[in-house]
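A.B. asks: Input work.txt, format and content: compact mmCIF, C-alpha atoms.
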# COMPACT_ATOMS: atom_id res chain seq x y z
CA MET A 1 -9.04 3.96 -10.45
CA THR A 2 -6.05 4.01 -12.73
CA PRO A 3 -5.35 1.13 -15.12
CA ASN A 4 -2.54 0.18 -12.74
CA ALA A 5 -4.31 -1.10 -9.66
CA LEU A 6 -3.24 -3.37 -6.83
CA VAL A 7 -6.07 -4.87 -4.81
CA VAL A 8 -5.38 -5.86 -1.21
CA THR A 9 -8.02 -8.05 0.46
CA GLY A 10 -8.56 -10.20 3.51
CA ARG A 11 -6.30 -10.27 6.52
CA ILE A 12 -2.73 -9.55 5.47
CA THR A 13 -0.01 -11.59 7.12
CA ARG A 14 3.74 -10.95 7.10
CA ALA A 15 4.13 -14.02 4.88
CA GLU A 16 1.97 -12.37 2.19
CA VAL A 17 3.96 -9.11 2.04
CA PRO A 18 6.63 -10.38 -0.42
CA ALA A 19 3.91 -11.59 -2.81
CA LEU A 20 2.19 -8.18 -2.69
CA CYS A 21 5.53 -6.51 -3.45
CA ALA A 22 6.10 -8.91 -6.36
CA GLU A 23 2.62 -8.14 -7.68
CA LEU A 24 3.38 -4.42 -7.57
CA GLU A 25 6.73 -4.98 -9.30
CA ALA A 26 4.92 -6.92 -12.05
CA LEU A 27 2.48 -4.03 -12.50
CA LEU A 28 5.38 -1.62 -12.75
CA SER A 29 7.22 -3.72 -15.33
CA GLY A 30 4.53 -2.95 -17.91
CA PRO A 31 3.89 0.40 -19.55
CA SER A 32 5.31 3.18 -17.44
CA ALA A 33 2.96 4.52 -14.84
CA ALA A 34 3.24 7.54 -12.60
CA VAL A 35 0.51 6.33 -10.24
CA VAL A 36 -0.63 2.95 -8.96
CA ASP A 37 -3.89 2.73 -7.03
CA CYS A 38 -3.85 0.37 -4.07
CA ASP A 39 -7.44 -0.55 -3.21
CA MET A 40 -7.57 -1.61 0.44
CA GLY A 41 -11.36 -1.86 0.66
CA GLY A 42 -11.30 -5.63 1.17
CA VAL A 43 -8.92 -5.63 4.14
CA VAL A 44 -10.71 -7.09 7.15
CA HIS A 45 -8.24 -6.48 9.97
CA PRO A 46 -5.75 -3.62 9.70
CA ASP A 47 -2.76 -4.47 11.89
CA LEU A 48 1.04 -4.24 11.94
CA ALA A 49 1.37 -6.67 9.02
CA LEU A 50 -0.64 -4.23 6.89
CA VAL A 51 1.58 -1.38 8.10
CA GLU A 52 4.63 -3.39 6.97
CA ALA A 53 2.97 -4.15 3.63
CA VAL A 54 2.22 -0.49 2.91
CA ALA A 55 5.72 0.60 3.94
CA ARG A 56 7.34 -2.01 1.70
CA LEU A 57 4.99 -1.27 -1.20
CA GLY A 58 6.00 2.38 -0.84
CA LEU A 59 9.64 1.36 -1.14
CA VAL A 60 8.93 -0.67 -4.28
CA ALA A 61 7.15 2.34 -5.78
CA ARG A 62 10.03 4.67 -4.93
CA ARG A 63 12.62 2.28 -6.36
CA ALA A 64 10.63 2.10 -9.60
CA GLY A 65 11.48 5.69 -10.34
CA GLY A 66 9.24 7.57 -7.97
CA VAL A 67 5.92 5.99 -8.85
CA GLU A 68 3.17 7.27 -6.56
CA LEU A 69 1.27 4.63 -4.61
CA ARG A 70 -2.22 5.99 -3.95
CA LEU A 71 -4.16 4.26 -1.16
CA ARG A 72 -7.91 4.01 -1.72
CA ASN A 73 -10.71 2.70 0.49
CA VAL A 74 -8.40 2.67 3.49
CA PRO A 75 -9.79 0.63 6.41
CA PRO A 76 -11.01 2.61 9.42
CA GLY A 77 -8.29 3.12 11.98
CA PHE A 78 -5.36 2.44 9.64
CA GLY A 79 -4.17 6.05 9.63
CA GLU A 80 -4.24 6.08 13.41
CA LEU A 81 -2.28 2.82 13.49
CA LEU A 82 0.41 4.33 11.26
CA ASP A 83 0.55 7.33 13.56
CA LEU A 84 0.69 5.15 16.69
CA VAL A 85 3.78 3.29 15.48
CA GLY A 86 5.43 6.52 14.29
CA LEU A 87 5.14 5.78 10.58
CA ALA A 88 2.54 8.32 9.52
CA ASP A 89 5.03 10.11 7.26
CA VAL A 90 7.47 7.28 6.53
CA PRO A 91 6.08 5.46 3.47
CA ALA A 92 7.64 7.46 0.66
CA HIS A 93 5.58 8.11 -2.45
CA VAL A 94 2.39 6.98 -0.70
CA ARG A 95 -0.65 9.19 -0.42
CA TRP A 96 -4.27 8.75 0.52
CA GLY A 97 -6.59 8.77 -2.46
CA PRO A 98 -10.31 9.47 -2.61
CA GLU A 99 -12.63 6.67 -1.63
Could you render the structure as C-alpha cells?

C.D. replies:
Amino acid sequence: MTPNALVVTGRITRAEVPALCAELEALLSGPSAAVVDCDMGGVVHPDLALVEAVARLGLVARRAGGVELRLRNVPPGFGELLDLVGLADVPAHVRWGPE
C-alpha cells in the first residue's frame, strides 16, 4: 500500500459517498501523490452505491491532476457489477491493484 490510502468498509450507502470524496480530497491536499490506494477489503455488500462511490472517487482523482486511484481487495462480483451497468471503463484514472 502507498502512504496515501483510502479505506472503504461496511455497506456503502449513497449518503456516505460525499464523505468518501471529501476524505480523498483531504488525502490529496497533502504532499503530492501520483497514486492513492483504495482498499475495499472491508466492503460487505457491493451494490450500485459502491459503483457510484468508485465513479465519483475516480472523478476526484482526475480533478486533482490525474492522480491514479488504485483499487485493492475488490469485493467478489464488483467488476461484473460495473460491467453490468455499462461502467466497466468509465471511472477515469481508476485501475485494479494487486490484492

A.B. asks: Suppose you want the space between CA of Ala61 (chain A) and CA of Gly10 (chain A); what is it in Å?

C.D. replies: 22.1 Å

A.B. asks: Do you know which residues are at most 12 Å from Ala33 (chain A) counting only C-alpha atoms, after dropping those on the same chain fewer than 6 positions away, and could you put them as number ranges by chain?

C.D. replies: A: 2-5, 24-27, 61, 64-69

A.B. asks: Nearest residue to Val8 (chain A) out of A:Leu48, A:Leu28, A:Leu71, A:Val60, using all atoms listed in the file?

C.D. replies: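 The shortest atom-to-atom distance to Val8 (chain A) comes from A:Leu71.
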
A.B. asks: How many Å separate CA of Glu80 (chain A) from CA of Glu23 (chain A)?

C.D. replies: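 Interatomic distance, CA of Glu80 (chain A) to CA of Glu23 (chain A): 26.3 Å.
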
A.B. asks: Would you mind reading off the distance between CA of Val35 (chain A) and CA of Thr13 (chain A), one decimal, in Å?

C.D. replies: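 Between CA of Val35 (chain A) and CA of Thr13 (chain A) the gap works out to 25.0 Å.
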
A.B. asks: Within 10 Å of Asp47 (chain A), counting all atoms listed in the file, which residues qualify if same-chain residues fewer than 3 places away don't, as a ChimeraX atom specification?

C.D. replies: /A:11-13,43-44,50-52,77-78,81-82

A.B. asks: I'd like the contact shell of Thr9 (chain A) - 10 Å cut-off, only C-alpha atoms, skipping same-chain residues fewer than 5 positions apart - returned as an mmCIF file with C-alpha atoms, keeping the file's coordinate frame.

C.D. replies:
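Dumped everything to result-v8.cif:
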data_model
loop_
_atom_site.group_PDB
_atom_site.id
_atom_site.type_symbol
_atom_site.label_atom_id
_atom_site.label_comp_id
_atom_site.auth_asym_id
_atom_site.auth_seq_id
_atom_site.Cartn_x
_atom_site.Cartn_y
_atom_site.Cartn_z
ATOM 1 C CA ASP A 39 -7.440 -0.550 -3.210
ATOM 2 C CA MET A 40 -7.570 -1.610 0.440
ATOM 3 C CA GLY A 41 -11.360 -1.860 0.660
ATOM 4 C CA GLY A 42 -11.300 -5.630 1.170
ATOM 5 C CA VAL A 43 -8.920 -5.630 4.140
ATOM 6 C CA VAL A 44 -10.710 -7.090 7.150
ATOM 7 C CA HIS A 45 -8.240 -6.480 9.970
#

A.B. asks: Go through A:Ser32, A:Arg56, A:Asp37, A:Arg70 and flag the residue nearest Arg14 (chain A), using all atoms listed in the file for the distances.

C.D. replies: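 Closest residue, counting all atoms listed in the file: A:Arg56.
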
A.B. asks: Find the residue from A:Leu59, A:Ala88, A:Pro75, A:Cys38 that sits nearest to Val7 (chain A); use all atoms listed in the file when measuring.

C.D. replies: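 Closest candidate: A:Cys38.
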